[in-house]
Every structure is written in structure tokens, then in C-alpha cells.
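K.L.:
Data: work_10.cif, mmCIF, C-alpha atoms.
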data_work
loop_
_atom_site.group_PDB
_atom_site.id
_atom_site.type_symbol
_atom_site.label_atom_id
_atom_site.label_comp_id
_atom_site.auth_asym_id
_atom_site.auth_seq_id
_atom_site.Cartn_x
_atom_site.Cartn_y
_atom_site.Cartn_z
ATOM 1 C CA MET A 1 12.528 -29.037 32.920
ATOM 2 C CA ASP A 2 12.850 -32.069 30.654
ATOM 3 C CA ASN A 3 14.682 -35.234 31.687
ATOM 4 C CA GLN A 4 17.498 -34.641 29.220
ATOM 5 C CA LYS A 5 18.607 -31.581 31.187
ATOM 6 C CA ARG A 6 18.332 -33.542 34.428
ATOM 7 C CA GLU A 7 21.095 -35.929 33.492
ATOM 8 C CA LEU A 8 24.803 -35.357 33.925
ATOM 9 C CA SER A 9 27.417 -36.302 31.369
ATOM 10 C CA LEU A 10 29.688 -39.188 32.320
ATOM 11 C CA GLU A 11 32.485 -36.700 32.992
ATOM 12 C CA GLN A 12 30.275 -34.539 35.245
ATOM 13 C CA ARG A 13 29.019 -37.619 37.085
ATOM 14 C CA ASP A 14 32.538 -38.930 37.701
ATOM 15 C CA LYS A 15 33.679 -35.520 38.935
ATOM 16 C CA LEU A 16 30.718 -35.363 41.345
ATOM 17 C CA PHE A 17 31.351 -38.928 42.564
ATOM 18 C CA ASN A 18 34.990 -38.051 43.294
ATOM 19 C CA VAL A 19 33.898 -35.046 45.371
ATOM 20 C CA LEU A 20 31.216 -37.045 47.206
ATOM 21 C CA LYS A 21 33.562 -39.975 47.899
ATOM 22 C CA ALA A 22 36.300 -37.676 49.250
ATOM 23 C CA ARG A 23 33.764 -35.946 51.534
ATOM 24 C CA PHE A 24 32.340 -39.315 52.599
ATOM 25 C CA LEU A 25 35.782 -40.645 53.560
ATOM 26 C CA LYS A 26 36.765 -37.424 55.344
ATOM 27 C CA ASN A 27 33.596 -37.395 57.486
ATOM 28 C CA MET A 28 33.064 -41.007 58.564
ATOM 29 C CA LYS A 29 31.450 -39.905 61.852
ATOM 30 C CA ARG A 30 28.380 -38.869 59.834
ATOM 31 C CA HIS A 31 27.756 -42.350 58.465
ATOM 32 C CA LYS A 32 29.299 -45.070 60.615
ATOM 33 C CA GLY A 33 28.826 -48.527 59.161
ATOM 34 C CA LEU A 34 28.011 -47.347 55.623
ATOM 35 C CA GLU A 35 30.136 -48.187 52.578
ATOM 36 C CA TRP A 36 30.791 -45.792 49.697
ATOM 37 C CA ASP A 37 30.660 -48.537 47.037
ATOM 38 C CA GLU A 38 27.091 -49.483 48.065
ATOM 39 C CA ILE A 39 26.019 -45.843 47.977
ATOM 40 C CA LYS A 40 27.611 -45.390 44.556
ATOM 41 C CA LEU A 41 25.703 -48.405 43.202
ATOM 42 C CA MET A 42 22.419 -46.966 44.475
ATOM 43 C CA LEU A 43 23.248 -43.618 42.870
ATOM 44 C CA GLU A 44 24.147 -45.199 39.533
ATOM 45 C CA ALA A 45 20.709 -46.836 39.481
ATOM 46 C CA ASN A 46 19.047 -43.406 39.980
ATOM 47 C CA PRO A 47 20.494 -40.845 37.516
ATOM 48 C CA GLU A 48 17.868 -38.222 38.420
ATOM 49 C CA LYS A 49 19.120 -38.362 42.013
ATOM 50 C CA ILE A 50 22.678 -37.790 40.776
ATOM 51 C CA TRP A 51 21.435 -34.631 39.044
ATOM 52 C CA SER A 52 19.808 -33.457 42.288
ATOM 53 C CA LEU A 53 23.003 -34.126 44.257
ATOM 54 C CA ASN A 54 24.906 -32.124 41.676
ATOM 55 C CA GLU A 55 22.479 -29.232 42.184
ATOM 56 C CA MET A 56 23.042 -29.455 45.928
ATOM 57 C CA GLU A 57 26.798 -29.355 45.319
ATOM 58 C CA ARG A 58 26.616 -26.615 42.660
ATOM 59 C CA THR A 59 24.730 -24.294 45.026
ATOM 60 C CA GLY A 60 27.223 -24.821 47.864
ATOM 61 C CA GLY A 61 25.445 -27.434 49.973
ATOM 62 C CA GLU A 62 28.314 -29.922 50.268
ATOM 63 C CA PRO A 63 25.910 -32.894 50.486
ATOM 64 C CA ASP A 64 26.915 -35.972 52.435
ATOM 65 C CA VAL A 65 25.219 -39.184 53.577
ATOM 66 C CA ILE A 66 24.046 -39.027 57.168
ATOM 67 C CA LYS A 67 22.174 -42.325 57.421
ATOM 68 C CA PHE A 68 20.593 -45.334 55.790
ATOM 69 C CA ASP A 69 16.832 -45.403 56.419
ATOM 70 C CA ASN A 70 15.900 -49.039 57.055
ATOM 71 C CA ASN A 71 12.190 -48.238 56.742
ATOM 72 C CA THR A 72 12.454 -46.892 53.188
ATOM 73 C CA ASN A 73 15.652 -48.708 52.142
ATOM 74 C CA GLU A 74 17.223 -45.375 51.141
ATOM 75 C CA TYR A 75 20.405 -43.446 51.840
ATOM 76 C CA VAL A 76 19.784 -39.932 53.138
ATOM 77 C CA PHE A 77 21.979 -37.074 51.882
ATOM 78 C CA VAL A 78 21.847 -33.675 53.606
ATOM 79 C CA ASP A 79 23.553 -30.333 52.944
ATOM 80 C CA CYS A 80 26.523 -30.379 55.323
ATOM 81 C CA SER A 81 28.129 -27.028 54.450
ATOM 82 C CA ASP A 82 29.181 -25.102 57.562
ATOM 83 C CA GLU A 83 26.803 -22.264 56.682
ATOM 84 C CA THR A 84 23.548 -22.303 54.728
ATOM 85 C CA PRO A 85 24.433 -22.876 51.049
ATOM 86 C CA LYS A 86 25.594 -19.655 49.349
ATOM 87 C CA GLY A 87 23.714 -20.386 46.149
ATOM 88 C CA ARG A 88 20.427 -20.594 48.060
ATOM 89 C CA ARG A 89 20.443 -17.422 50.160
ATOM 90 C CA SER A 90 18.509 -14.138 49.972
ATOM 91 C CA ILE A 91 15.248 -15.951 49.289
ATOM 92 C CA CYS A 92 11.841 -15.854 50.917
ATOM 93 C CA TYR A 93 9.979 -18.968 52.053
ATOM 94 C CA ASP A 94 7.550 -19.894 49.249
ATOM 95 C CA ARG A 95 5.820 -18.752 46.041
ATOM 96 C CA GLU A 96 2.873 -17.195 47.898
ATOM 97 C CA ALA A 97 5.295 -15.091 49.937
ATOM 98 C CA LEU A 98 7.256 -14.090 46.832
ATOM 99 C CA ASP A 99 4.081 -13.081 44.986
ATOM 100 C CA SER A 100 2.908 -11.024 47.965
ATOM 101 C CA ARG A 101 5.924 -8.700 47.804
ATOM 102 C CA LYS A 102 5.149 -5.498 45.940
ATOM 103 C CA GLU A 103 8.755 -4.317 45.626
ATOM 104 C CA HIS A 104 12.308 -5.463 46.355
ATOM 105 C CA LYS A 105 11.410 -9.047 45.528
ATOM 106 C CA PRO A 106 14.047 -11.722 46.041
ATOM 107 C CA GLU A 107 15.000 -13.765 42.991
ATOM 108 C CA ASN A 108 13.453 -16.964 44.281
ATOM 109 C CA ASN A 109 11.974 -18.838 47.223
ATOM 110 C CA ALA A 110 13.043 -21.873 49.228
ATOM 111 C CA ILE A 111 10.147 -24.205 48.434
ATOM 112 C CA ASP A 112 10.246 -23.700 44.650
ATOM 113 C CA MET A 113 14.036 -24.031 44.596
ATOM 114 C CA ALA A 114 13.879 -27.310 46.517
ATOM 115 C CA ILE A 115 11.229 -28.694 44.169
ATOM 116 C CA GLU A 116 13.211 -27.626 41.099
ATOM 117 C CA MET A 117 16.312 -29.296 42.524
ATOM 118 C CA GLY A 118 14.399 -32.492 43.332
ATOM 119 C CA ILE A 119 15.128 -32.266 47.065
ATOM 120 C CA GLU A 120 13.183 -31.660 50.276
ATOM 121 C CA ILE A 121 13.611 -28.701 52.599
ATOM 122 C CA LEU A 122 14.681 -29.853 56.078
ATOM 123 C CA THR A 123 12.157 -30.082 58.874
ATOM 124 C CA GLU A 124 13.014 -28.682 62.294
ATOM 125 C CA GLU A 125 13.624 -32.238 63.535
ATOM 126 C CA GLN A 126 15.985 -33.006 60.623
ATOM 127 C CA TYR A 127 17.790 -29.709 61.194
ATOM 128 C CA ARG A 128 18.327 -30.606 64.854
ATOM 129 C CA LYS A 129 19.580 -34.077 63.857
ATOM 130 C CA LEU A 130 22.129 -32.492 61.496
ATOM 131 C CA GLN A 131 23.561 -30.518 64.419
ATOM 132 C CA GLU A 132 24.651 -33.806 66.009
ATOM 133 C CA PHE A 133 27.410 -33.991 63.367
ATOM 134 C CA GLY A 134 28.860 -30.513 63.901
ATOM 135 C CA LYS A 135 27.993 -26.845 64.294
ATOM 136 C CA TYR A 136 26.040 -25.679 61.278
ATOM 137 C CA ASP A 137 24.716 -22.150 60.683
ATOM 138 C CA ALA A 138 26.817 -20.358 63.301
ATOM 139 C CA LYS A 139 26.657 -17.191 61.149
ATOM 140 C CA THR A 140 23.686 -17.892 58.871
ATOM 141 C CA SER A 141 20.171 -19.294 59.217
ATOM 142 C CA SER A 142 18.073 -21.770 57.257
ATOM 143 C CA TRP A 143 14.372 -21.832 56.460
ATOM 144 C CA VAL A 144 12.816 -25.117 57.602
ATOM 145 C CA LYS A 145 9.510 -26.741 56.679
ATOM 146 C CA THR A 146 6.851 -24.612 58.301
ATOM 147 C CA PRO A 147 3.727 -26.144 59.853
ATOM 148 C CA ASP A 148 0.556 -25.317 57.913
ATOM 149 C CA ASN A 149 -1.073 -23.472 60.815
ATOM 150 C CA ILE A 150 1.840 -21.009 60.984
ATOM 151 C CA ARG A 151 2.061 -20.620 57.223
ATOM 152 C CA LYS A 152 -1.696 -19.920 56.921
ATOM 153 C CA LEU A 153 -1.162 -16.928 59.187
ATOM 154 C CA GLY A 154 1.621 -15.557 56.971
ATOM 155 C CA GLY A 155 4.585 -16.807 58.945
ATOM 156 C CA ALA A 156 7.456 -19.186 58.354
ATOM 157 C CA ILE A 157 10.125 -20.623 60.623
ATOM 158 C CA PHE A 158 13.886 -20.828 60.373
ATOM 159 C CA CYS A 159 16.714 -22.162 62.513
ATOM 160 C CA ASP A 160 20.299 -21.385 63.365
ATOM 161 C CA ASN A 161 22.906 -22.544 65.857
ATOM 162 C CA ARG A 162 24.189 -19.990 68.349
ATOM 163 C CA PHE A 163 25.747 -20.516 71.782
ATOM 164 C CA ASP A 164 25.793 -24.306 71.212
ATOM 165 C CA THR A 165 22.010 -24.227 70.920
ATOM 166 C CA VAL A 166 19.617 -24.632 67.999
ATOM 167 C CA PHE A 167 17.182 -21.744 67.959
ATOM 168 C CA VAL A 168 13.893 -21.765 66.075
ATOM 169 C CA TYR A 169 12.529 -18.383 65.050
ATOM 170 C CA HIS A 170 9.659 -16.989 63.047
ATOM 171 C CA ASN A 171 9.397 -14.296 60.411
ATOM 172 C CA GLY A 172 6.940 -13.225 57.794
ATOM 173 C CA ALA A 173 7.295 -15.773 54.982
ATOM 174 C CA GLU A 174 7.955 -12.920 52.540
ATOM 175 C CA SER A 175 11.082 -11.765 54.409
ATOM 176 C CA TYR A 176 14.541 -12.505 53.107
ATOM 177 C CA TYR A 177 18.065 -11.801 54.257
ATOM 178 C CA ALA A 178 21.504 -12.209 52.728
ATOM 179 C CA SER A 179 22.393 -14.709 55.443
ATOM 180 C CA ARG A 180 19.243 -16.866 55.217
ATOM 181 C CA GLY A 181 18.698 -19.707 52.807
ATOM 182 C CA PHE A 182 17.723 -23.346 53.151
ATOM 183 C CA ARG A 183 19.262 -26.770 53.564
ATOM 184 C CA GLY A 184 18.007 -29.751 51.638
ATOM 185 C CA LEU A 185 17.651 -33.482 51.979
ATOM 186 C CA LEU A 186 17.732 -36.129 49.256
ATOM 187 C CA ARG A 187 16.718 -39.765 49.599
ATOM 188 C CA VAL A 188 18.427 -42.216 47.250
#
Mind converting the file's structure to C-alpha cells?

P.N.:
Amino acid sequence: MDNQKRELSLEQRDKLFNVLKARFLKNMKRHKGLEWDEIKLMLEANPEKIWSLNEMERTGGEPDVIKFDNNTNEYVFVDCSDETPKGRRSICYDREALDSRKEHKPENNAIDMAIEMGIEILTEEQYRKLQEFGKYDAKTSSWVKTPDNIRKLGGAIFCDNRFDTVFVYHNGAESYYASRGFRGLLRV
């Protein structure tokens, strides 16, 4: 996709900023000590990141800042929707898994979607950290970055939150379910 399509109009950007600011102010427990105006300045300096945030929002992720990473000097946005984003469900894990299906193929896969959106798929550790801010995926599940040794054997892992506990499961990477998608992370 060319850069021209990866840029929002001023009107789209302002609309997104209004949504992000309202969410930021409503959920201060996720980002104690951070200021919206500083985050907005960082976003304005990175228009391609604004496009990625818009993609997260457009697909139902409800992105919000969860921390400032002092090591990288970046704000970290994560999908904070109660359930895995609706616009990113019914997908298998990666391109290899998608290509391996002979019939009833899903429309897409988590890894390619994340790359196209300019975001990262959450790791298990990041998924667990997200759960500190609320109960996410009580009815759905989310693919998470799968270790190479598991993926080489045809598997992939996903997480959900049931009974106040984060569970990590495995499935064939080619599997897909209406209630499984992925959550993303964006560094700005």
C-alpha cells in the first residue's frame, strides 16, 4: 500500500483524536502520570502511526495508551476492547496456515493483518499485562505471538480470560473460529 493511502485527512485525524482523547480521559487507571497533550504531539509527528491507530479503531480494537516505555521513549497503545476486535475475527494464525487450508479458508490471517495495519500482535506476556487493566476476552479469544518451536510443528497459541484467570491454549495454526481474532500493539 502506498504512503498516500496511509495518511488520514485532517478531518479523519481530528475525529480519531477526539475518540482517543475521550477514551484516554475515561480510563486514567491505564496510564497514570501520562498527559494527553504530550501523546498528541508525538502522534502528530508520526502520521503513519495515526493511520495505524485508525485501523485499530476501525476494526473495533478501541486502542488506548497503557504505558510510556522509558527504554524506547515511546508510548504504547494496545487494543482495549472488552472482547477481541470484531473486525479481526474468524482468521487463522498466519499466511502458511491460510495457504495450507484446502477448503473453507478464512478471509485472512492474524500476522498478515497486523503487518498490513502497521501494528504488532500481542505476546503472551503483553496479553497478561493487559489483563491488569480489566477483564478482556471473557467471551472471545485472541491469537498471541507463537514461539517458533511451536509454530514449526504446525501449532499456534491463543489466550482468553475465564474464571478470573488467563488461559493459554494451543490449536493448529490453520484453525479459525468466529470468536477468535487478535489484539494489537502500536508504539508511537

K.L.:
Residues around (9.4, -12.7, 52.2), cut-off 12 Å, counting all atoms listed in the file - what are they as number ranges by chain?

P.N.:
A: 90-110, 143, 151, 154-157, 170-177, 180-181

K.L.:
Ranking A:Arg6, A:Arg162, A:Lys145, A:Lys67 by minimum distance to Arg30 (chain A) and counting only C-alpha atoms, which one comes first?

P.N.:
A:Lys67

K.L.:
Could you check which of A:Gln131, A:Asp64, A:Ser142, A:Arg183 is closest to Asp164 (chain A), using only C-alpha atoms?

P.N.:
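Ranked by minimum distance to Asp164 (chain A), first place goes to A:Gln131.
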
K.L.:
Starting from the displayed file, determine the output of the PyMOL selection byres ((chain A and resi 10-14) around 12) and express the residue list as a PDB file with C-alpha atoms, in the coordinates of the input.

P.N.:
ATOM      1  CA  ARG A   6      18.332 -33.542  34.428  1.00  0.00           C
ATOM      2  CA  GLU A   7      21.095 -35.929  33.492  1.00  0.00           C
ATOM      3  CA  LEU A   8      24.803 -35.357  33.925  1.00  0.00           C
ATOM      4  CA  SER A   9      27.417 -36.302  31.369  1.00  0.00           C
ATOM      5  CA  LYS A  15      33.679 -35.520  38.935  1.00  0.00           C
ATOM      6  CA  LEU A  16      30.718 -35.363  41.345  1.00  0.00           C
ATOM      7  CA  PHE A  17      31.351 -38.928  42.564  1.00  0.00           C
ATOM      8  CA  ASN A  18      34.990 -38.051  43.294  1.00  0.00           C
ATOM      9  CA  VAL A  19      33.898 -35.046  45.371  1.00  0.00           C
ATOM     10  CA  LEU A  20      31.216 -37.045  47.206  1.00  0.00           C
ATOM     11  CA  LYS A  21      33.562 -39.975  47.899  1.00  0.00           C
ATOM     12  CA  LYS A  40      27.611 -45.390  44.556  1.00  0.00           C
ATOM     13  CA  LEU A  43      23.248 -43.618  42.870  1.00  0.00           C
ATOM     14  CA  GLU A  44      24.147 -45.199  39.533  1.00  0.00           C
ATOM     15  CA  ASN A  46      19.047 -43.406  39.980  1.00  0.00           C
ATOM     16  CA  PRO A  47      20.494 -40.845  37.516  1.00  0.00           C
ATOM     17  CA  GLU A  48      17.868 -38.222  38.420  1.00  0.00           C
ATOM     18  CA  LYS A  49      19.120 -38.362  42.013  1.00  0.00           C
ATOM     19  CA  ILE A  50      22.678 -37.790  40.776  1.00  0.00           C
ATOM     20  CA  TRP A  51      21.435 -34.631  39.044  1.00  0.00           C
ATOM     21  CA  SER A  52      19.808 -33.457  42.288  1.00  0.00           C
ATOM     22  CA  LEU A  53      23.003 -34.126  44.257  1.00  0.00           C
ATOM     23  CA  ASN A  54      24.906 -32.124  41.676  1.00  0.00           C
ATOM     24  CA  GLU A  55      22.479 -29.232  42.184  1.00  0.00           C
ATOM     25  CA  GLU A  57      26.798 -29.355  45.319  1.00  0.00           C
ATOM     26  CA  ARG A  58      26.616 -26.615  42.660  1.00  0.00           C
TER      27      ARG A  58
END

K.L.:
I need the residue nearest Glu120 (chain A) from this list: A:Tyr169, A:Phe182, A:Trp36, A:Phe158. Use all atoms listed in the file for the distance.

P.N.:
A:Phe182

K.L.:
Grab all the atoms of region 123-139 of chain A that the file lists, wrap them in a box along x, y and z, add 3 Å per side, and give me centre plus edge lengths in Å (one decimal) as AutoDock Vina command-line options.

P.N.:
--center_x 20.5 --center_y -25.6 --center_z 62.4 --size_x 22.7 --size_y 22.9 --size_z 13.1

K.L.:
From the list A:Glu35, A:Asp160, A:Asp69, A:Glu74, which residue is nearest Arg128 (chain A) when using all atoms listed in the file?

P.N.:
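Closest candidate: A:Asp160.
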
K.L.:
Enumerate, as a PyMOL selection string, the residues matched when the PyMOL selection byres ((chain A and resi 121) around 10) is run on the file above.

P.N.:
chain A and resi 78+110-115+119-120+122-124+126-127+142-146+182-186

K.L.:
So what do you get for CA of Ser179 (chain A) versus CA of Gly134 (chain A), distance-wise?

P.N.:
19.1 Å

K.L.:
Quick check on the file I pasted: which residues fall under the PyMOL selection byres ((chain A and resi 163) around 12)? Write them as a PyMOL selection string.

P.N.:
chain A and resi 135-139+160-162+164-167

K.L.:
Output the selection as a PDB file, in the frame of the given file - C-alpha atoms for each residue.

P.N.:
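Contents of out_26.pdb, freshly written:
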ATOM      1  CA  LYS A 135      27.993 -26.845  64.294  1.00  0.00           C
ATOM      2  CA  TYR A 136      26.040 -25.679  61.278  1.00  0.00           C
ATOM      3  CA  ASP A 137      24.716 -22.150  60.683  1.00  0.00           C
ATOM      4  CA  ALA A 138      26.817 -20.358  63.301  1.00  0.00           C
ATOM      5  CA  LYS A 139      26.657 -17.191  61.149  1.00  0.00           C
ATOM      6  CA  ASP A 160      20.299 -21.385  63.365  1.00  0.00           C
ATOM      7  CA  ASN A 161      22.906 -22.544  65.857  1.00  0.00           C
ATOM      8  CA  ARG A 162      24.189 -19.990  68.349  1.00  0.00           C
ATOM      9  CA  ASP A 164      25.793 -24.306  71.212  1.00  0.00           C
ATOM     10  CA  THR A 165      22.010 -24.227  70.920  1.00  0.00           C
ATOM     11  CA  VAL A 166      19.617 -24.632  67.999  1.00  0.00           C
ATOM     12  CA  PHE A 167      17.182 -21.744  67.959  1.00  0.00           C
TER      13      PHE A 167
END

K.L.:
What is the distance between CA of Glu62 (chain A) and CA of Val76 (chain A), in Å to one decimal?

P.N.:
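Going from CA of Glu62 (chain A) over to CA of Val76 (chain A), I get 13.5 Å.
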
K.L.:
Take region 144-155 of chain A, model all heavy atoms, and hand the result over as an mmCIF file, in the frame of the given file.

P.N.:
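Once everything was written out, this is result_26.cif:
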data_model
loop_
_atom_site.group_PDB
_atom_site.id
_atom_site.type_symbol
_atom_site.label_atom_id
_atom_site.label_comp_id
_atom_site.auth_asym_id
_atom_site.auth_seq_id
_atom_site.Cartn_x
_atom_site.Cartn_y
_atom_site.Cartn_z
ATOM 1 N N VAL A 144 13.193 -23.709 57.449
ATOM 2 C CA VAL A 144 12.816 -25.117 57.602
ATOM 3 C C VAL A 144 11.326 -25.253 57.291
ATOM 4 O O VAL A 144 10.587 -24.267 57.262
ATOM 5 C CB VAL A 144 13.134 -25.663 59.021
ATOM 6 C CG1 VAL A 144 14.645 -25.706 59.253
ATOM 7 C CG2 VAL A 144 12.437 -24.874 60.106
ATOM 8 N N LYS A 145 10.910 -26.491 57.031
ATOM 9 C CA LYS A 145 9.510 -26.741 56.679
ATOM 10 C C LYS A 145 8.619 -26.180 57.778
ATOM 11 O O LYS A 145 8.761 -26.505 58.941
ATOM 12 C CB LYS A 145 9.274 -28.236 56.510
ATOM 13 C CG LYS A 145 7.880 -28.595 56.126
ATOM 14 C CD LYS A 145 7.859 -29.329 54.815
ATOM 15 C CE LYS A 145 6.475 -29.784 54.438
ATOM 16 N NZ LYS A 145 5.650 -28.732 53.913
ATOM 17 N N THR A 146 7.717 -25.318 57.359
ATOM 18 C CA THR A 146 6.851 -24.612 58.301
ATOM 19 C C THR A 146 5.511 -25.319 58.436
ATOM 20 O O THR A 146 4.891 -25.670 57.425
ATOM 21 C CB THR A 146 6.636 -23.159 57.814
ATOM 22 O OG1 THR A 146 7.914 -22.502 57.796
ATOM 23 C CG2 THR A 146 5.688 -22.401 58.704
ATOM 24 N N PRO A 147 5.046 -25.537 59.664
ATOM 25 C CA PRO A 147 3.727 -26.144 59.853
ATOM 26 C C PRO A 147 2.630 -25.306 59.174
ATOM 27 O O PRO A 147 2.705 -24.071 59.145
ATOM 28 C CB PRO A 147 3.544 -26.148 61.376
ATOM 29 C CG PRO A 147 4.944 -26.111 61.915
ATOM 30 C CD PRO A 147 5.730 -25.292 60.935
ATOM 31 N N ASP A 148 1.633 -25.987 58.651
ATOM 32 C CA ASP A 148 0.556 -25.317 57.913
ATOM 33 C C ASP A 148 -0.138 -24.226 58.721
ATOM 34 O O ASP A 148 -0.471 -23.173 58.183
ATOM 35 C CB ASP A 148 -0.485 -26.335 57.435
ATOM 36 C CG ASP A 148 0.043 -27.237 56.330
ATOM 37 O OD1 ASP A 148 1.046 -26.875 55.674
ATOM 38 O OD2 ASP A 148 -0.556 -28.316 56.118
ATOM 39 N N ASN A 149 -0.357 -24.470 60.015
ATOM 40 C CA ASN A 149 -1.073 -23.472 60.815
ATOM 41 C C ASN A 149 -0.303 -22.160 60.919
ATOM 42 O O ASN A 149 -0.893 -21.085 60.940
ATOM 43 C CB ASN A 149 -1.416 -24.019 62.206
ATOM 44 C CG ASN A 149 -0.183 -24.386 63.020
ATOM 45 O OD1 ASN A 149 0.785 -24.923 62.496
ATOM 46 N ND2 ASN A 149 -0.234 -24.103 64.315
ATOM 47 N N ILE A 150 1.022 -22.227 60.947
ATOM 48 C CA ILE A 150 1.840 -21.009 60.984
ATOM 49 C C ILE A 150 1.846 -20.347 59.609
ATOM 50 O O ILE A 150 1.692 -19.137 59.475
ATOM 51 C CB ILE A 150 3.283 -21.325 61.440
ATOM 52 C CG1 ILE A 150 3.277 -21.809 62.895
ATOM 53 C CG2 ILE A 150 4.198 -20.103 61.270
ATOM 54 C CD1 ILE A 150 4.621 -22.321 63.382
ATOM 55 N N ARG A 151 1.995 -21.175 58.581
ATOM 56 C CA ARG A 151 2.061 -20.620 57.223
ATOM 57 C C ARG A 151 0.757 -19.952 56.822
ATOM 58 O O ARG A 151 0.747 -18.917 56.154
ATOM 59 C CB ARG A 151 2.438 -21.738 56.223
ATOM 60 C CG ARG A 151 2.667 -21.234 54.818
ATOM 61 C CD ARG A 151 3.848 -20.257 54.791
ATOM 62 N NE ARG A 151 3.824 -19.460 53.590
ATOM 63 C CZ ARG A 151 3.345 -18.227 53.491
ATOM 64 N NH1 ARG A 151 2.824 -17.606 54.545
ATOM 65 N NH2 ARG A 151 3.378 -17.583 52.339
ATOM 66 N N LYS A 152 -0.380 -20.508 57.242
ATOM 67 C CA LYS A 152 -1.696 -19.920 56.921
ATOM 68 C C LYS A 152 -1.843 -18.517 57.496
ATOM 69 O O LYS A 152 -2.594 -17.701 56.983
ATOM 70 C CB LYS A 152 -2.828 -20.815 57.429
ATOM 71 C CG LYS A 152 -3.046 -22.035 56.585
ATOM 72 C CD LYS A 152 -4.135 -22.922 57.156
ATOM 73 C CE LYS A 152 -4.226 -24.205 56.360
ATOM 74 N NZ LYS A 152 -5.110 -25.192 56.992
ATOM 75 N N LEU A 153 -1.101 -18.244 58.558
ATOM 76 C CA LEU A 153 -1.162 -16.928 59.187
ATOM 77 C C LEU A 153 -0.094 -15.971 58.636
ATOM 78 O O LEU A 153 0.068 -14.868 59.141
ATOM 79 C CB LEU A 153 -1.012 -17.069 60.707
ATOM 80 C CG LEU A 153 -2.146 -17.825 61.407
ATOM 81 C CD1 LEU A 153 -1.806 -18.087 62.865
ATOM 82 C CD2 LEU A 153 -3.460 -17.063 61.278
ATOM 83 N N GLY A 154 0.637 -16.426 57.616
ATOM 84 C CA GLY A 154 1.621 -15.557 56.971
ATOM 85 C C GLY A 154 3.046 -15.732 57.449
ATOM 86 O O GLY A 154 3.950 -15.066 56.953
ATOM 87 N N GLY A 155 3.253 -16.633 58.395
ATOM 88 C CA GLY A 155 4.585 -16.807 58.945
ATOM 89 C C GLY A 155 5.341 -17.981 58.364
ATOM 90 O O GLY A 155 4.789 -18.798 57.621
#
